[in-house]
Each structure stands twice: as structure tokens, then as C-alpha cells.
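Source file: target_26.txt (compact mmCIF, C-alpha atoms (C1' of nucleotides))
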```txt
# COMPACT_ATOMS: atom_id res chain seq x y z
CA MET A 1 -4.62 9.93 -9.19
CA ASN A 2 -5.63 8.46 -5.87
CA ILE A 3 -6.78 10.36 -2.85
CA GLY A 4 -3.47 10.05 -1.01
CA ASP A 5 -1.49 11.74 -3.78
CA VAL A 6 -4.03 14.48 -4.09
CA ALA A 7 -3.98 15.01 -0.34
CA ARG A 8 -0.21 15.40 -0.40
CA GLN A 9 -0.22 17.76 -3.34
CA SER A 10 -3.11 19.90 -2.21
CA GLY A 11 -2.41 19.87 1.49
CA VAL A 12 -5.98 18.78 2.23
CA PRO A 13 -6.30 15.54 4.24
CA PRO A 14 -8.03 12.52 2.66
CA LYS A 15 -10.84 12.60 5.20
CA THR A 16 -11.53 16.21 4.38
CA ILE A 17 -11.43 15.55 0.66
CA ARG A 18 -14.05 12.82 1.07
CA TYR A 19 -16.10 15.23 3.13
CA TYR A 20 -15.83 17.87 0.43
CA GLU A 21 -17.08 15.35 -2.08
CA ASP A 22 -19.99 14.49 0.24
CA ILE A 23 -21.10 18.10 0.36
CA GLY A 24 -20.58 18.55 -3.35
CA LEU A 25 -17.56 20.84 -3.43
CA ILE A 26 -15.67 18.50 -5.74
CA ARG A 27 -16.81 15.65 -7.95
CA PRO A 28 -14.03 13.18 -8.73
CA ASN A 29 -14.73 10.23 -11.04
CA ARG A 30 -14.31 6.66 -9.93
CA SER A 31 -11.85 4.08 -11.18
CA GLU A 32 -12.99 0.54 -11.85
CA ASN A 33 -11.77 -0.58 -8.47
CA GLY A 34 -14.01 1.96 -6.78
CA TYR A 35 -11.22 4.36 -5.91
CA ARG A 36 -11.76 8.05 -6.45
CA ALA A 37 -9.94 9.25 -9.56
CA PHE A 38 -8.65 12.82 -9.36
CA THR A 39 -7.24 15.15 -11.97
CA GLU A 40 -4.92 18.13 -11.79
CA SER A 41 -7.96 20.32 -11.75
CA HIS A 42 -9.11 18.70 -8.53
CA ILE A 43 -5.77 19.38 -6.93
CA HIS A 44 -6.11 23.02 -7.85
CA LYS A 45 -9.58 23.27 -6.47
CA LEU A 46 -8.59 21.56 -3.25
CA ALA A 47 -5.60 23.80 -2.78
CA PHE A 48 -7.88 26.75 -3.45
CA LEU A 49 -10.28 25.47 -0.81
CA GLY A 50 -7.44 24.95 1.62
CA ARG A 51 -6.29 28.54 1.19
CA ALA A 52 -9.80 29.91 1.51
CA ARG A 53 -10.45 27.88 4.66
CA ALA A 54 -7.16 29.07 6.09
CA LEU A 55 -8.41 32.60 5.65
CA GLY A 56 -11.45 31.63 7.66
CA PHE A 57 -14.04 31.57 4.90
CA THR A 58 -16.97 29.30 5.70
CA ILE A 59 -17.69 26.30 3.55
CA GLU A 60 -20.59 28.13 1.99
CA ASP A 61 -18.31 31.07 1.18
CA CYS A 62 -15.90 28.55 -0.29
CA ARG A 63 -18.63 27.15 -2.47
CA THR A 64 -19.32 30.62 -3.79
CA LEU A 65 -15.66 31.49 -4.22
CA LEU A 66 -14.96 28.24 -5.99
CA SER A 67 -17.73 28.87 -8.48
CA LEU A 68 -16.37 32.36 -9.06
CA TYR A 69 -12.89 30.90 -9.44
CA GLU A 70 -14.22 28.69 -12.20
CA ASP A 71 -16.31 31.38 -13.79
CA GLU A 72 -14.52 33.19 -16.59
CA ASN A 73 -17.23 35.82 -16.61
CA ARG A 74 -17.20 36.61 -12.92
CA GLU A 75 -17.20 40.21 -11.83
CA SER A 76 -14.60 41.07 -9.25
CA MET A 77 -17.21 42.89 -7.23
CA GLN A 78 -18.84 39.55 -6.50
CA VAL A 79 -15.64 38.25 -5.03
CA LYS A 80 -14.99 41.46 -3.17
CA ALA A 81 -18.44 41.40 -1.61
CA VAL A 82 -17.84 37.95 -0.14
CA ALA A 83 -14.42 38.95 1.15
CA GLU A 84 -15.61 42.21 2.65
CA ASP A 85 -18.40 40.50 4.42
CA HIS A 86 -16.04 37.95 5.84
CA LEU A 87 -13.60 40.65 6.84
CA ARG A 88 -16.32 42.39 8.79
CA GLN A 89 -17.16 39.23 10.64
CA ILE A 90 -13.54 38.65 11.51
CA GLU A 91 -13.29 42.13 12.87
CA GLU A 92 -16.32 41.55 15.03
CA LYS A 93 -14.78 38.40 16.41
CA ILE A 94 -11.54 40.17 17.11
CA ALA A 95 -13.35 42.93 18.95
CA LYS A 96 -15.25 40.46 21.08
CA LEU A 97 -12.11 38.51 21.91
CA GLN A 98 -10.17 41.64 22.75
CA SER A 99 -12.84 42.67 25.17
CA MET A 100 -12.68 39.26 26.81
CA ARG A 101 -8.94 39.46 26.92
CA ALA A 102 -9.00 42.85 28.59
CA THR A 103 -11.31 41.65 31.33
CA LEU A 104 -9.46 38.40 31.82
CA ALA A 105 -6.04 39.96 31.85
CA GLU A 106 -7.14 42.39 34.50
CA LEU A 107 -8.62 39.65 36.66
CA VAL A 108 -5.62 37.40 36.26
CA GLU A 109 -3.34 40.22 37.26
CA LYS A 110 -5.34 40.99 40.35
CA CYS A 111 -5.46 37.37 41.49
CA ALA A 112 -2.76 36.45 43.98
CA GLY A 113 -2.62 32.87 42.77
CA ASP A 114 -1.62 31.53 46.13
CA HIS A 115 -3.04 29.04 48.60
CA ARG A 116 -5.74 31.31 49.97
CA PRO A 117 -9.32 31.10 48.73
CA ASP A 118 -9.83 34.83 48.11
CA CYS A 119 -9.98 35.38 44.40
CA PRO A 120 -10.94 38.42 42.33
CA ILE A 121 -11.73 36.17 39.40
CA ILE A 122 -14.34 34.20 41.29
CA GLU A 123 -15.62 37.42 42.77
CA ASP A 124 -16.04 38.99 39.40
CA LEU A 125 -17.97 36.00 38.14
CA SER A 126 -20.10 35.84 41.27
CA PRO A 127 -23.51 37.44 41.09
CA GLU A 128 -23.26 39.33 44.36
CA ARG A 129 -25.19 42.11 42.74
CA LEU A 130 -28.27 40.00 43.13
CA ALA A 131 -27.76 39.70 46.84
CA LYS A 132 -27.43 43.41 47.32
CA MET B 133 -39.28 28.85 41.49
CA ASN B 134 -40.02 27.80 37.92
CA ILE B 135 -37.61 27.84 35.06
CA GLY B 136 -39.02 31.02 33.53
CA ASP B 137 -38.40 33.11 36.62
CA VAL B 138 -34.93 31.72 37.00
CA ALA B 139 -34.21 32.45 33.37
CA ARG B 140 -35.27 36.05 33.83
CA GLN B 141 -33.30 36.55 37.00
CA SER B 142 -30.15 34.80 35.85
CA GLY B 143 -30.17 35.91 32.25
CA VAL B 144 -29.79 32.31 31.07
CA PRO B 145 -32.53 31.07 28.69
CA PRO B 146 -34.75 28.17 29.75
CA LYS B 147 -33.45 25.93 27.00
CA THR B 148 -29.93 26.52 28.15
CA ILE B 149 -30.84 25.90 31.78
CA ARG B 150 -32.31 22.54 30.82
CA TYR B 151 -29.19 21.79 28.88
CA TYR B 152 -27.03 22.68 31.87
CA GLU B 153 -29.06 20.28 33.93
CA ASP B 154 -28.59 17.58 31.29
CA ILE B 155 -24.84 17.90 31.48
CA GLY B 156 -24.89 18.08 35.24
CA LEU B 157 -23.92 21.68 35.86
CA ILE B 158 -26.95 22.28 38.05
CA ARG B 159 -29.32 19.90 39.81
CA PRO B 160 -32.70 21.43 40.54
CA ASN B 161 -35.33 19.41 42.38
CA ARG B 162 -38.69 18.63 40.90
CA SER B 163 -42.12 19.75 42.04
CA GLU B 164 -44.96 17.28 42.17
CA ASN B 165 -46.19 18.44 38.79
CA GLY B 166 -42.87 17.57 37.25
CA TYR B 167 -41.68 21.15 36.92
CA ARG B 168 -38.11 21.95 37.88
CA ALA B 169 -37.94 23.67 41.26
CA PHE B 170 -35.12 26.18 41.58
CA THR B 171 -33.69 28.00 44.56
CA GLU B 172 -31.80 31.29 44.95
CA SER B 173 -28.63 29.28 44.88
CA HIS B 174 -29.47 28.02 41.42
CA ILE B 175 -29.98 31.55 40.23
CA HIS B 176 -26.56 32.48 41.52
CA LYS B 177 -24.91 29.53 39.86
CA LEU B 178 -26.64 30.24 36.58
CA ALA B 179 -25.67 33.88 36.65
CA PHE B 180 -22.13 32.76 37.43
CA LEU B 181 -22.22 30.43 34.47
CA GLY B 182 -23.59 33.15 32.27
CA ARG B 183 -20.73 35.48 33.20
CA ALA B 184 -18.13 32.78 32.73
CA ARG B 185 -19.52 31.84 29.32
CA ALA B 186 -19.56 35.50 28.34
CA LEU B 187 -15.85 35.58 29.08
CA GLY B 188 -15.46 32.66 26.71
CA PHE B 189 -14.74 29.91 29.19
CA THR B 190 -15.68 26.49 27.87
CA ILE B 191 -18.34 24.45 29.59
CA GLU B 192 -15.64 22.25 31.09
CA ASP B 193 -13.88 25.31 32.42
CA CYS B 194 -17.20 26.44 33.82
CA ARG B 195 -17.62 23.11 35.55
CA THR B 196 -14.27 23.59 37.21
CA LEU B 197 -14.87 27.23 38.05
CA LEU B 198 -18.27 26.45 39.49
CA SER B 199 -16.82 23.82 41.77
CA LEU B 200 -14.15 26.28 42.88
CA TYR B 201 -16.85 28.90 43.38
CA GLU B 202 -18.59 26.52 45.74
CA ASP B 203 -15.42 25.37 47.44
CA GLU B 204 -14.65 27.32 50.59
CA ASN B 205 -11.20 25.79 50.66
CA ARG B 206 -10.21 26.59 47.11
CA GLU B 207 -6.81 28.04 46.46
CA SER B 208 -6.80 31.10 44.25
CA MET B 209 -3.97 29.59 42.23
CA GLN B 210 -6.39 26.97 40.97
CA VAL B 211 -8.70 29.63 39.66
CA LYS B 212 -5.85 31.63 38.26
CA ALA B 213 -4.49 28.63 36.39
CA VAL B 214 -7.78 28.11 34.58
CA ALA B 215 -8.06 31.78 33.74
CA GLU B 216 -4.48 32.07 32.54
CA ASP B 217 -4.88 29.09 30.32
CA HIS B 218 -8.01 30.51 28.84
CA LEU B 219 -6.37 33.87 28.39
CA ARG B 220 -3.58 32.23 26.43
CA GLN B 221 -6.05 30.54 24.15
CA ILE B 222 -7.88 33.76 23.55
CA GLU B 223 -4.65 35.43 22.64
CA GLU B 224 -3.87 32.68 20.18
CA LYS B 225 -7.24 33.11 18.56
CA ILE B 226 -6.78 36.85 18.35
CA ALA B 227 -3.40 36.41 16.72
CA LYS B 228 -4.80 34.01 14.17
CA LEU B 229 -7.70 36.29 13.37
CA GLN B 230 -5.48 39.32 13.07
CA SER B 231 -3.31 37.54 10.59
CA MET B 232 -6.38 36.62 8.57
CA ARG B 233 -7.60 40.16 8.78
CA ALA B 234 -4.31 41.54 7.55
CA THR B 235 -4.30 39.29 4.50
CA LEU B 236 -7.95 39.84 3.77
CA ALA B 237 -7.82 43.60 4.20
CA GLU B 238 -4.92 43.76 1.78
CA LEU B 239 -6.69 41.66 -0.80
CA VAL B 240 -9.94 43.56 -0.46
CA GLU B 241 -8.13 46.80 -0.93
CA LYS B 242 -6.38 45.58 -4.05
CA CYS B 243 -9.56 44.29 -5.63
CA ALA B 244 -11.19 46.73 -8.01
CA GLY B 245 -14.65 45.41 -7.26
CA ASP B 246 -15.97 46.21 -10.67
CA HIS B 247 -17.52 44.27 -13.54
CA ARG B 248 -14.29 42.79 -14.80
CA PRO B 249 -13.23 39.27 -13.89
CA ASP B 250 -9.67 40.09 -12.82
CA CYS B 251 -9.43 39.73 -9.10
CA PRO B 252 -6.44 39.71 -6.75
CA ILE B 253 -8.49 37.81 -4.19
CA ILE B 254 -9.14 34.91 -6.49
CA GLU B 255 -5.56 35.08 -7.66
CA ASP B 256 -4.25 34.87 -4.14
CA LEU B 257 -6.39 31.85 -3.43
CA SER B 258 -5.45 30.19 -6.71
CA PRO B 259 -2.69 27.62 -6.56
CA GLU B 260 -0.71 28.93 -9.50
CA ARG B 261 2.42 27.88 -7.69
CA LEU B 262 1.54 24.33 -8.58
CA ALA B 263 1.41 25.14 -12.26
CA LYS B 264 4.80 26.78 -12.26
C1' DA C 265 -65.00 25.05 29.98
C1' DT C 266 -61.76 27.48 27.63
C1' DT C 267 -58.18 30.40 26.82
C1' DG C 268 -53.09 31.69 27.03
C1' DA C 269 -48.97 31.27 29.12
C1' DC C 270 -46.13 28.01 31.21
C1' DC C 271 -43.93 23.67 31.65
C1' DC C 272 -42.36 18.89 30.11
C1' DT C 273 -39.60 15.42 26.94
C1' DC C 274 -37.51 13.98 22.89
C1' DC C 275 -35.59 14.59 18.27
C1' DA C 276 -32.97 16.97 14.99
C1' DG C 277 -29.89 20.36 13.31
C1' DT C 278 -25.97 23.55 13.51
C1' DA C 279 -20.05 23.78 11.41
C1' DA C 280 -16.59 21.35 9.65
C1' DC C 281 -14.50 17.99 10.18
C1' DT C 282 -12.08 13.71 12.69
C1' DG C 283 -11.56 9.01 14.53
C1' DG C 284 -12.47 4.37 14.19
C1' DA C 285 -14.37 -0.11 12.67
C1' DA C 286 -14.92 -3.50 9.11
C1' DG C 287 -13.61 -4.84 4.91
C1' DC C 288 -11.63 -4.70 -0.17
C1' DC C 289 -7.39 -3.62 -3.30
C1' DT C 290 -2.54 -3.51 -4.63
C1' DC C 291 2.10 -4.09 -4.74
C1' DA C 292 6.46 -5.89 -3.20
C1' DT C 293 8.78 -9.34 -1.13
C1' DA C 294 9.80 -14.20 0.58
C1' DT D 295 2.02 -18.03 -4.71
C1' DA D 296 1.16 -16.52 -0.27
C1' DT D 297 1.50 -12.87 2.83
C1' DG D 298 1.88 -8.49 4.95
C1' DA D 299 1.93 -3.49 4.74
C1' DG D 300 -0.31 0.20 3.36
C1' DG D 301 -4.01 2.43 0.78
C1' DC D 302 -8.63 2.60 -0.43
C1' DT D 303 -13.81 2.08 0.54
C1' DT D 304 -18.23 3.01 3.41
C1' DC D 305 -20.65 4.06 7.46
C1' DC D 306 -21.27 5.48 12.24
C1' DA D 307 -20.29 8.31 16.02
C1' DG D 308 -18.38 12.20 18.41
C1' DT D 309 -16.96 16.99 18.82
C1' DT D 310 -19.16 22.36 21.06
C1' DA D 311 -22.87 24.56 23.14
C1' DC D 312 -26.68 25.20 22.37
C1' DT D 313 -31.43 26.14 19.61
C1' DG D 314 -35.85 25.12 17.30
C1' DG D 315 -39.79 22.52 17.01
C1' DA D 316 -43.32 18.89 17.71
C1' DG D 317 -46.54 16.93 20.77
C1' DG D 318 -48.51 17.16 24.94
C1' DG D 319 -49.43 18.17 30.23
C1' DT D 320 -50.37 22.27 33.91
C1' DC D 321 -52.08 26.42 35.90
C1' DA D 322 -54.59 30.76 36.80
C1' DA D 323 -58.15 33.47 35.34
C1' DT D 324 -62.34 34.36 32.90
```

What would you get if you wrote out this structure as C-alpha cells?
Amino acid sequence: MNIGDVARQSGVPPKTIRYYEDIGLIRPNRSENGYRAFTESHIHKLAFLGRARALGFTIEDCRTLLSLYEDENRESMQVKAVAEDHLRQIEEKIAKLQSMRATLAELVEKCAGDHRPDCPIIEDLSPERLAK
Amino acid sequence: MNIGDVARQSGVPPKTIRYYEDIGLIRPNRSENGYRAFTESHIHKLAFLGRARALGFTIEDCRTLLSLYEDENRESMQVKAVAEDHLRQIEEKIAKLQSMRATLAELVEKCAGDHRPDCPIIEDLSPERLAK
DNA sequence: ATTGACCCTCCAGTAACTGGAAGCCTCATA
DNA sequence: TATGAGGCTTCCAGTTACTGGAGGGTCAAT
């Protein structure tokens, strides 16, 4: 199977598939004409990678998860550890973003948004504290 | 003033200050010895940039905000537009992350995390649909 | 004269792709 | 059989916002 078919079936774009080969996530054979030759197994792996990336796992996490996916003797605690770690990081990001949102929302609400220059947003960003 | 002092007073690291000069956010003069020579005004701008970055504004947003900060004739609607846009993007990111978190939390909870290979996380990522 | 703390520039790397150029390969149609 | 569309190849560069490090001047004090 050529890269285009695999892209369609896995949902991973050709460019990304080539990139994944570059970094060693998948290792397709080559046909005589130089084209990459994929199997069903590659489609599965790529779809797996697509799902994992959609859940925000890093490429390195994906590498680990993929090897666990292929490992009949994996222990589920290995998988869980990766997922829990990732979950924690997501929660940190959410917390940070929510704090930004709170501040921003407040500033946006206070700003008249008219033709005058006075602006609580600019004021909040301004380091007047230093002048005081 | 040298870069170290400015870094301390603005909270922006020297490396970052140099980078901001590279991309034209600030334009310090030079002393005869080749050192950057900063003024109070630079400290204010850098502190402003630091605050804006902490709220997640992109560098390009910062460029805009900084020019509005310096513009006596700005209209607050210009500032508000930038902030509202940014706020929207933050909310999108939060939504995306929350959806990831929901899925991940569910999977993590369902995973036994023991020495057996069976794992709902791996199963969820696996493209069994394709096989069916 | 020699530390030690600054400062300088330039290069490379980070994360995960994405776009584009230049150039084969293949298949269907005229 | 020629041709044109579309698919495949590689390689290079750009994206975001820095950060680390090498190699090398500068300055103030001892």
C-alpha cells in the first residue's frame, strides 16, 4: 500500500507519516520504485498514534505507548503511569489557562472599548508600580 | 544601565531581552564598549512585555499592545479587540484540554494498573474499529 | 596582574510538524 | 505512443519563543 492510501485509512497525513518514519516511529519497507510499502499493521499503528496525539500525548509518550501496544507482556501499570503523568500535565495547563482567562475576562469587561485612550487592560499591563 | 540591572528590575532574563531586541521589540542604544545601554523606559517596556507574555499574549500581540501602550491617541477598542481575540483562543484551548482530560481521567480510572497486560487505555487507543 | 562577574556574538536545539521546490513514477486517455 | 494529472520521492526552510553553550572582550577590585 502506498502512503496516500495509508493516510486516508489512518487519518494521518502523508507528510506526518514520513516524519514519523524519520523519527523511527514506523518502519515501512520500500517497493522497487522507491515508494514506501505499508501493511495493515502500519495503518493500525498510525491510527493508534493519531489517537494518542489527539489526546495530547507527546511524541516520546507515543513512542512508549506504541511499544507497550506491541508488547504482549506489558503491565498495565506501565501504561497507566504514562497516562497519569500526562493527565497531571494537562491539569496544570488547564489551571494556568484558567487563571489567564480570569484575569483577561475581568480586564476585557472593564474596558470601555470606545474611541478614548483610557484602557484598564493597558493599565494592568503597565508597570506603574515601578514609578511609585 | 546594563542588561543585568534591567533584567533584575523588569523580571525579563538577559537572553530574552537580547531576543526582544533581535525581533525589534525594544531598541536600546549602545555604550562605547559595545554594551547595551538601557533607560527607565526600556525597563517599563520590558516589564510590560513580561506581564503581557504571562497573560499568554503572543509576541505579535505584544508588539501591537506595546505600540498601543506608547500611543497617546490609541482607542481602547483597539486594545480590547486584541484582548478579546486572545481570550477566545484561550477558551478554545481550555475546552480542548478539558475534553482530553475527561477522556484521560476516565481511562486512567478504568485501568487496573497492575502486572497484567489488559489495559483499557491501550484498548481505547487501538484501532480495532478498522479490524471489524 | 589576576581574579570573578559581566557583557558580547553566533550557533544550535527545542516540538511536531507543514509548505514548497525539483524531480521521478504511473495510469488513463487521446 | 505521447501527454497530462496526480502521486510519490528527497531535501530545505519556516513555525514559536526562547534557552544553552562556546569563545572571547570588559570592568572593578585586590

Report as a tab-separated table: every residue of chain A with an atom at most 9 Å from chain C, its closest pair of atoms, and their distance in Å to one decimal, counting all atoms listed in the file, with rows sorted by chain and ascending residue number.
```
residue	atom	partner	partner_atom	distance
A:Lys15	CA	C:DT282	C1'	7.7
A:Thr16	CA	C:DC281	C1'	6.8
A:Tyr19	CA	C:DC281	C1'	7.7
A:Asn33	CA	C:DC289	C1'	7.4
A:Thr58	CA	C:DA279	C1'	8.5
A:Ile59	CA	C:DA280	C1'	7.9
```

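Across the model, the gap from CA of Arg248 (chain B) to CA of Val82 (chain A) is 15.8 Å.
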
Please produce, as a tab-separated table, a per-residue contact table for chain D versus chain A (criterion: any atom at most 12 Å away, all atoms listed in the file considered), showing the nearest atom pair and its distance in Å to one decimal, sorted by chain then residue number.
```
residue	atom	partner	partner_atom	distance
D:DG300	C1'	A:Gly4	CA	11.2
D:DG301	C1'	A:Gly4	CA	7.8
D:DC302	C1'	A:Tyr35	CA	6.3
D:DT303	C1'	A:Tyr35	CA	7.3
D:DT304	C1'	A:Arg18	CA	10.9
```

For chain B against chain A, which residues fall within 6 Å using only C-alpha atoms, given as a PyMOL selection string?
-> chain B and resi 176+180+183+187+205-209+212+226+232+245-249+251+257-259

How many Å lie between CA of Pro13 (chain A) and CA of Ser31 (chain A), rounded to one decimal?
-> 20.0 Å

Just how far from CA of Arg18 (chain A) is C1' of DA307 (chain D), in Å to one decimal?
->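 C1' of DA307 (chain D) sits 16.8 Å away from CA of Arg18 (chain A).
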